[in-house]
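J.: Could you have a look at this structure, given as structure tokens, before my questions?
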Amino acid sequence: MSNKPLDIDILVPTLTDEDVKRAMDRKRVHLLRNGRGRNRLVWLLWLLIGPGILAMLGENDGPSMISYATTGAKYGIGFFLPFIVLTFAMAFVVQEMTVRLGAVTKRGHAELIYTRFGSFWGFFAMGDLIIGNLLTLVTEFIAVRAGLGFFGVPPVLAVLGTFLIIIGVALSRRYWTWERITMAFAAFNFLFVPVAIMTHPVSGQVVSAFFTWGPLPGGVTAGFILLMMSNIGATVTPWMLFFQQSAVVDKGYTVADIHQGRIDTGLGALFAATTAIATVLATTPLFLHHVDASNFQGADFAHALVPFVGNVGATLFALGIFEAGLVAALTISSSSAYAFGEVTGRSHSLNSSLREGWPFYAIVIAAAGIAAALVLIPNAPLVYIVLIVNVLATLSMPPAIVFLLLLVNDREIMGKYANGRLANFFGIAVTLFLICAGLIYGVTVVFPQLIPV
Amino acid sequence: MDSKETTEKLATNHLEASWVHGVLEPEQLSTAKQPFGRQKMSRTTVFILWALRVYVILMAFLIAWQITGPQVLHLHP
């Protein structure tokens, strides 16, 4: 017998830490799917929820909550309540497609765009994503700073603390752990609900708004159109597509899990719409008392709400703003790292060991680190970023949805899970709606005299 | 590595591999994915993609113009 050591990797298939950890998670799903018991389906859903809820509640981020707060302060109860429901319905239509794409192809969104359409179009899609993600991440740290600033936490401490949390959660090196910790943080998005209840909204007005899509004080103005764009950008953005599909793949979804993935996405839309509407209701007293909130940022709303909801309500509001920034920073930094790994062919999983996945974790840390550093630069023109980030997201969404529609209609990779006529109808309708909204915005910028300011 | 150690490691690896392969679908293994080929895009599709690219670039300029231009609108709603 030769003394030469045996190369074990040749004899057995190569398994990575990522594979073993994913298999451990999937084993629990298999056991529940094949088992018996009254609560089996509930537990199965509990195991499989995550990507959809995190995409939707992650998008209820700092600028989004400021956008909803501004909506309540500027327009009160009326048009924007059903409009928010409409935008989350659009978000559901779009995100559901990413669940199917991920479950069927087992590949992330960036990887599919690159392999199916080539690097030329992939470059554009990634460009939109990287620019959007960096700007959005900056706004998340601004939200964190503003939210914790309400409690007197110095900006440096707030930003560095959040940065360390992002590093700590990512370096758990387990998708399941990362997902559950982030979901636990995301539950604090519901802090806006008790604040809304404290303002004692008139239930009749709320119900009437959903049926009449009104009132709309001041009518259609440039400010209204910008706020409408901002609210759309607060619900449907490119990073959500990339994140949810990558998370679905990382979690190990198969076609058998698509049903639960849809429920997960639906629950996410429901939760996010509820907290968004709650935020509008929470700041409605500012509208009713003619408080000028035009230049308010995160913590300003909390301070202004003290006379109406007391210190407890204002505290909850400020905590909610902090949570919105933190959860979005966690999800968006991961979305950037997933896309980078998928495009470069390197490890792209939150299940990776540090040895296998160091570039992935380096991107998570670098994305969050750059944004955190930018926020701490004295006199940086951050206000512009906060103002444009949602509008930019709305404008860059149509090409992203077209790529999504092309992929999800690609029968070579999707087989019988490709879009049906109804899904295509809704997908195209959402795209046209976003393009129209963008064009109307463009017209108001170029020809401001056409519309009242 | 002596032969006993090798045999033990082989047994462990085979055991691990068999249950992991039993639970995961082949495409879920990080090292087993086969790349998809390129999709042939129709002229209409390419036209739509270019039109949307132009749309995004124009709109990005509009945003830049709005926040830096001489007649600044009320950007904050």
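Each chain in the structure tokens gets a letter, A, B and so on, in the order shown; residues start at 1 in every chain, and ligands are counted from 1 in the order they appear.
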Within 6 Å of chain A, which residues of chain B are there when counting only C-alpha atoms? Please give them as a compact mmCIF listing (two decimals) with N, CA and C atoms, in the first residue's frame.
T.:
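What ended up in selection.txt:
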# COMPACT_ATOMS: atom_id res chain seq x y z
N VAL B 20 -26.66 15.27 3.53
CA VAL B 20 -26.79 16.59 2.91
C VAL B 20 -27.38 16.44 1.51
N VAL B 23 -31.06 15.77 1.57
CA VAL B 23 -31.93 16.88 1.96
C VAL B 23 -31.95 17.97 0.90
N LEU B 24 -30.79 18.27 0.32
CA LEU B 24 -30.71 19.36 -0.66
C LEU B 24 -30.90 18.83 -2.09
N LEU B 29 -26.55 22.82 -3.98
CA LEU B 29 -25.17 22.68 -3.50
C LEU B 29 -24.34 23.80 -4.12
N ARG B 38 -26.88 31.97 -22.43
CA ARG B 38 -27.45 33.30 -22.72
C ARG B 38 -28.83 33.16 -23.35
N GLN B 39 -29.71 34.10 -23.01
CA GLN B 39 -31.03 34.13 -23.64
C GLN B 39 -30.94 34.97 -24.91
N LEU B 52 -35.65 52.22 -21.82
CA LEU B 52 -35.71 52.39 -20.37
C LEU B 52 -34.38 52.93 -19.82
N VAL B 56 -34.03 56.29 -17.63
CA VAL B 56 -33.38 56.40 -16.32
C VAL B 56 -32.31 57.50 -16.33
N PRO B 77 -41.60 67.49 0.00
CA PRO B 77 -43.03 67.66 -0.22
C PRO B 77 -43.65 68.54 0.87
J.: Report the closest atom pair, with its distance in Å rounded to one decimal, for each residue of range 4-69 of chain A that has an atom no farther than 9 Å from range 271-290 of chain A; count only C-alpha atoms, sort by chain and then rising residue number, and write it as JSON lines.
T.:
{"residue": "A:Ile53", "atom": "CA", "partner": "A:Phe271", "partner_atom": "CA", "distance": 7.9}
{"residue": "A:Met56", "atom": "CA", "partner": "A:Ala272", "partner_atom": "CA", "distance": 5.9}
{"residue": "A:Leu57", "atom": "CA", "partner": "A:Ala272", "partner_atom": "CA", "distance": 5.4}
{"residue": "A:Gly58", "atom": "CA", "partner": "A:Ala272", "partner_atom": "CA", "distance": 8.8}
{"residue": "A:Glu59", "atom": "CA", "partner": "A:Ala272", "partner_atom": "CA", "distance": 8.2}
{"residue": "A:Asn60", "atom": "CA", "partner": "A:Ala272", "partner_atom": "CA", "distance": 6.4}
{"residue": "A:Ser64", "atom": "CA", "partner": "A:Ala276", "partner_atom": "CA", "distance": 8.3}
{"residue": "A:Met65", "atom": "CA", "partner": "A:Ala276", "partner_atom": "CA", "distance": 7.0}
{"residue": "A:Ile66", "atom": "CA", "partner": "A:Thr279", "partner_atom": "CA", "distance": 8.8}
{"residue": "A:Ser67", "atom": "CA", "partner": "A:Val280", "partner_atom": "CA", "distance": 8.9}
{"residue": "A:Tyr68", "atom": "CA", "partner": "A:Val280", "partner_atom": "CA", "distance": 5.3}
{"residue": "A:Ala69", "atom": "CA", "partner": "A:Val280", "partner_atom": "CA", "distance": 5.4}
J.: Between CA of Arg346 in chain A and CA of Tyr361 in chain A, what distance in Å does the model show, to one decimal?
T.: 11.3 Å
J.: Suppose you want the space between CA of Phe190 in chain A and CA of Gly268 in chain A; what is it in Å?
T.: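 CA of Phe190 in chain A sits 12.2 Å away from CA of Gly268 in chain A.
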J.: What lies within 8 Å of Gln95 in chain A using only C-alpha atoms, ignoring chain neighbours under 3 positions off, as a PyMOL selection string?
T.: chain A and resi 52+91-92+98-99+240-241+244+265
J.: Output N, CA and C atoms of each residue in that selection to a file, as a short mmCIF file (atom, residue, chain, number, x, y, z; two decimals), in the first residue's frame.
T.:
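Result written to part31.cif:
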data_model
loop_
_atom_site.label_atom_id
_atom_site.label_comp_id
_atom_site.auth_asym_id
_atom_site.auth_seq_id
_atom_site.Cartn_x
_atom_site.Cartn_y
_atom_site.Cartn_z
N GLY A 52 -39.67 37.47 2.49
CA GLY A 52 -40.72 38.42 2.09
C GLY A 52 -40.97 39.47 3.16
N ALA A 91 -46.13 46.08 -4.80
CA ALA A 91 -44.92 45.44 -4.26
C ALA A 91 -45.10 43.93 -4.18
N PHE A 92 -46.30 43.49 -3.77
CA PHE A 92 -46.55 42.05 -3.67
C PHE A 92 -46.45 41.38 -5.04
N THR A 98 -40.09 37.17 -7.61
CA THR A 98 -38.73 36.85 -7.17
C THR A 98 -38.72 35.54 -6.37
N VAL A 99 -39.81 35.27 -5.65
CA VAL A 99 -39.90 34.01 -4.89
C VAL A 99 -39.85 32.83 -5.86
N MET A 240 -35.04 45.49 -3.30
CA MET A 240 -35.96 44.47 -2.77
C MET A 240 -35.97 43.23 -3.66
N LEU A 241 -35.94 43.46 -4.99
CA LEU A 241 -35.94 42.33 -5.92
C LEU A 241 -34.71 41.47 -5.71
N GLN A 244 -34.70 39.80 -2.01
CA GLN A 244 -35.62 38.69 -1.71
C GLN A 244 -35.26 37.44 -2.49
N THR A 265 -44.58 36.72 1.56
CA THR A 265 -44.56 38.01 0.86
C THR A 265 -45.85 38.79 1.16
#
J.: Counting only C-alpha atoms, which of A:Arg180, A:Leu319, A:Phe185, A:Val94 gets nearest to Thr431 in chain A?
T.: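 Smallest distance to Thr431 in chain A is found for A:Val94.
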J.: Could you go through range 109-307 of chain A and tell me which residues DSSP, when run on the backbone, assigns to helix (DSSP H, G or I), listing them as a PyMOL selection string?
T.: chain A and resi 109-149+155-170+175-198+203-212+222-233+238-251+255-288+298-307
J.: Output C-alpha atoms of each residue in that selection to a file, as a short mmCIF file (atom, residue, chain, number, x, y, z; two decimals), in the first residue's frame.
T.:
data_model
loop_
_atom_site.label_atom_id
_atom_site.label_comp_id
_atom_site.auth_asym_id
_atom_site.auth_seq_id
_atom_site.Cartn_x
_atom_site.Cartn_y
_atom_site.Cartn_z
CA HIS A 109 -31.31 37.97 -9.34
CA ALA A 110 -27.92 39.48 -10.26
CA GLU A 111 -26.59 36.08 -11.33
CA LEU A 112 -29.59 35.45 -13.58
CA ILE A 113 -29.38 38.87 -15.21
CA TYR A 114 -25.68 38.37 -15.93
CA THR A 115 -25.96 34.85 -17.23
CA ARG A 116 -29.15 35.28 -19.26
CA PHE A 117 -28.64 38.81 -20.66
CA GLY A 118 -24.86 39.13 -20.57
CA SER A 119 -22.49 41.46 -18.78
CA PHE A 120 -23.48 44.54 -20.82
CA TRP A 121 -27.04 44.66 -19.46
CA GLY A 122 -25.88 43.18 -16.18
CA PHE A 123 -23.55 46.14 -15.76
CA PHE A 124 -26.46 48.58 -16.00
CA ALA A 125 -28.62 46.60 -13.60
CA MET A 126 -25.77 46.39 -11.10
CA GLY A 127 -24.99 50.08 -11.56
CA ASP A 128 -28.56 51.00 -10.61
CA LEU A 129 -28.39 48.66 -7.65
CA ILE A 130 -25.03 49.82 -6.31
CA ILE A 131 -25.80 53.54 -6.60
CA GLY A 132 -29.28 53.07 -5.14
CA ASN A 133 -28.02 50.86 -2.30
CA LEU A 134 -25.20 53.21 -1.31
CA LEU A 135 -27.45 56.27 -1.25
CA THR A 136 -30.18 54.39 0.61
CA LEU A 137 -27.70 53.03 3.15
CA VAL A 138 -26.58 56.58 3.86
CA THR A 139 -30.18 57.56 4.59
CA GLU A 140 -30.55 54.57 6.93
CA PHE A 141 -27.66 55.79 9.04
CA ILE A 142 -29.17 59.28 8.99
CA ALA A 143 -32.40 57.74 10.33
CA VAL A 144 -30.48 55.85 13.00
CA ARG A 145 -28.70 59.05 14.02
CA ALA A 146 -31.96 60.99 14.10
CA GLY A 147 -33.89 58.31 15.99
CA LEU A 148 -31.25 57.84 18.67
CA GLY A 149 -30.57 61.58 18.70
CA PRO A 155 -24.20 60.77 16.39
CA VAL A 156 -20.83 58.98 16.45
CA LEU A 157 -22.03 56.53 19.07
CA ALA A 158 -25.35 55.90 17.25
CA VAL A 159 -23.70 55.28 13.89
CA LEU A 160 -20.83 53.18 15.22
CA GLY A 161 -23.16 51.14 17.43
CA THR A 162 -25.39 50.35 14.44
CA PHE A 163 -22.37 49.51 12.31
CA LEU A 164 -21.19 47.06 14.98
CA ILE A 165 -24.63 45.46 15.17
CA ILE A 166 -24.57 44.91 11.37
CA ILE A 167 -21.13 43.31 11.61
CA GLY A 168 -22.14 41.18 14.58
CA VAL A 169 -25.33 39.86 12.97
CA ALA A 170 -23.64 39.14 9.62
CA TYR A 175 -28.58 32.56 7.43
CA TRP A 176 -31.22 31.37 9.90
CA THR A 177 -29.68 33.33 12.80
CA TRP A 178 -29.24 36.46 10.68
CA GLU A 179 -32.83 36.23 9.44
CA ARG A 180 -34.40 35.71 12.88
CA ILE A 181 -32.39 38.49 14.55
CA THR A 182 -33.29 40.88 11.73
CA MET A 183 -36.95 39.84 11.95
CA ALA A 184 -36.88 40.49 15.70
CA PHE A 185 -35.58 44.01 15.02
CA ALA A 186 -38.17 44.44 12.24
CA ALA A 187 -41.00 43.69 14.70
CA PHE A 188 -40.29 47.11 16.20
CA ASN A 189 -41.70 48.63 13.00
CA PHE A 190 -45.05 48.08 14.71
CA LEU A 191 -44.14 50.79 17.25
CA PHE A 192 -45.87 53.23 14.91
CA VAL A 193 -49.21 51.48 15.52
CA PRO A 194 -49.60 52.47 19.22
CA VAL A 195 -48.51 56.01 18.32
CA ALA A 196 -51.31 56.11 15.73
CA ILE A 197 -53.80 54.83 18.31
CA MET A 198 -52.68 57.53 20.77
CA SER A 203 -62.48 55.68 12.41
CA GLY A 204 -65.24 56.99 10.12
CA GLN A 205 -62.76 59.23 8.32
CA VAL A 206 -60.29 56.39 7.92
CA VAL A 207 -62.91 54.04 6.45
CA SER A 208 -64.26 56.80 4.21
CA ALA A 209 -60.76 57.55 2.88
CA PHE A 210 -60.40 53.95 1.68
CA PHE A 211 -63.67 54.10 -0.23
CA THR A 212 -63.46 57.64 -1.63
CA ALA A 222 -45.88 69.73 -7.53
CA GLY A 223 -45.48 68.86 -3.86
CA PHE A 224 -48.23 66.23 -4.14
CA ILE A 225 -46.58 64.60 -7.15
CA LEU A 226 -43.21 64.52 -5.40
CA LEU A 227 -44.79 63.01 -2.31
CA MET A 228 -46.60 60.46 -4.47
CA MET A 229 -43.27 59.51 -6.08
CA SER A 230 -41.70 59.33 -2.66
CA ASN A 231 -44.46 57.02 -1.39
CA ILE A 232 -44.09 54.75 -4.42
CA GLY A 233 -40.33 54.66 -3.85
CA PRO A 238 -34.72 47.51 -7.03
CA TRP A 239 -32.83 46.33 -3.94
CA MET A 240 -35.96 44.47 -2.77
CA LEU A 241 -35.94 42.33 -5.92
CA PHE A 242 -32.28 41.44 -5.54
CA PHE A 243 -32.53 40.89 -1.79
CA GLN A 244 -35.62 38.69 -1.71
CA GLN A 245 -34.51 36.42 -4.53
CA SER A 246 -31.05 35.99 -3.01
CA ALA A 247 -32.53 35.37 0.43
CA VAL A 248 -34.96 32.80 -1.00
CA VAL A 249 -32.00 30.96 -2.54
CA ASP A 250 -29.86 31.27 0.58
CA LYS A 251 -32.72 29.96 2.73
CA VAL A 255 -40.63 24.75 -5.73
CA ALA A 256 -42.50 23.00 -2.90
CA ASP A 257 -42.05 26.14 -0.80
CA ILE A 258 -43.47 28.65 -3.30
CA HIS A 259 -46.87 28.62 -1.57
CA GLN A 260 -45.33 29.53 1.78
CA GLY A 261 -43.14 32.09 0.00
CA ARG A 262 -46.26 33.79 -1.32
CA ILE A 263 -47.79 33.85 2.15
CA ASP A 264 -44.53 35.27 3.50
CA THR A 265 -44.56 38.01 0.86
CA GLY A 266 -48.25 38.72 1.47
CA LEU A 267 -47.70 38.94 5.23
CA GLY A 268 -44.76 41.27 4.64
CA ALA A 269 -46.90 43.54 2.45
CA LEU A 270 -49.71 43.49 5.01
CA PHE A 271 -47.39 44.29 7.94
CA ALA A 272 -45.57 47.02 6.04
CA ALA A 273 -48.80 48.63 4.78
CA THR A 274 -50.21 48.57 8.32
CA THR A 275 -47.21 50.34 9.83
CA ALA A 276 -47.01 52.79 6.90
CA ILE A 277 -50.66 53.76 7.36
CA ALA A 278 -50.11 53.94 11.13
CA THR A 279 -47.29 56.43 10.53
CA VAL A 280 -49.57 58.60 8.37
CA LEU A 281 -52.23 58.50 11.10
CA ALA A 282 -49.62 59.24 13.80
CA THR A 283 -48.59 62.53 12.19
CA THR A 284 -52.09 63.60 11.14
CA PRO A 285 -52.41 65.83 14.26
CA LEU A 286 -49.64 67.99 12.76
CA PHE A 287 -51.86 68.48 9.69
CA LEU A 288 -54.93 69.20 11.79
CA GLY A 298 -36.61 62.00 11.62
CA ALA A 299 -36.42 63.23 15.21
CA ASP A 300 -38.22 66.51 14.44
CA PHE A 301 -41.45 64.58 13.98
CA ALA A 302 -41.01 62.90 17.37
CA HIS A 303 -40.44 66.27 19.08
CA ALA A 304 -43.40 67.87 17.28
CA LEU A 305 -45.69 65.01 18.30
CA VAL A 306 -45.09 65.43 22.05
CA PRO A 307 -48.13 67.75 22.56
#
J.: Can you tell me how far CA of Tyr338 in chain A sits from CA of Gly108 in chain A, in Å to one decimal?
T.: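 Straight-line distance from CA of Tyr338 in chain A to CA of Gly108 in chain A works out to 7.7 Å.
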J.: Could you check which of A:Ile451, A:Gly415, A:Leu405, A:Val430 is closest to Thr45 in chain B, using only C-alpha atoms?
T.: A:Leu405
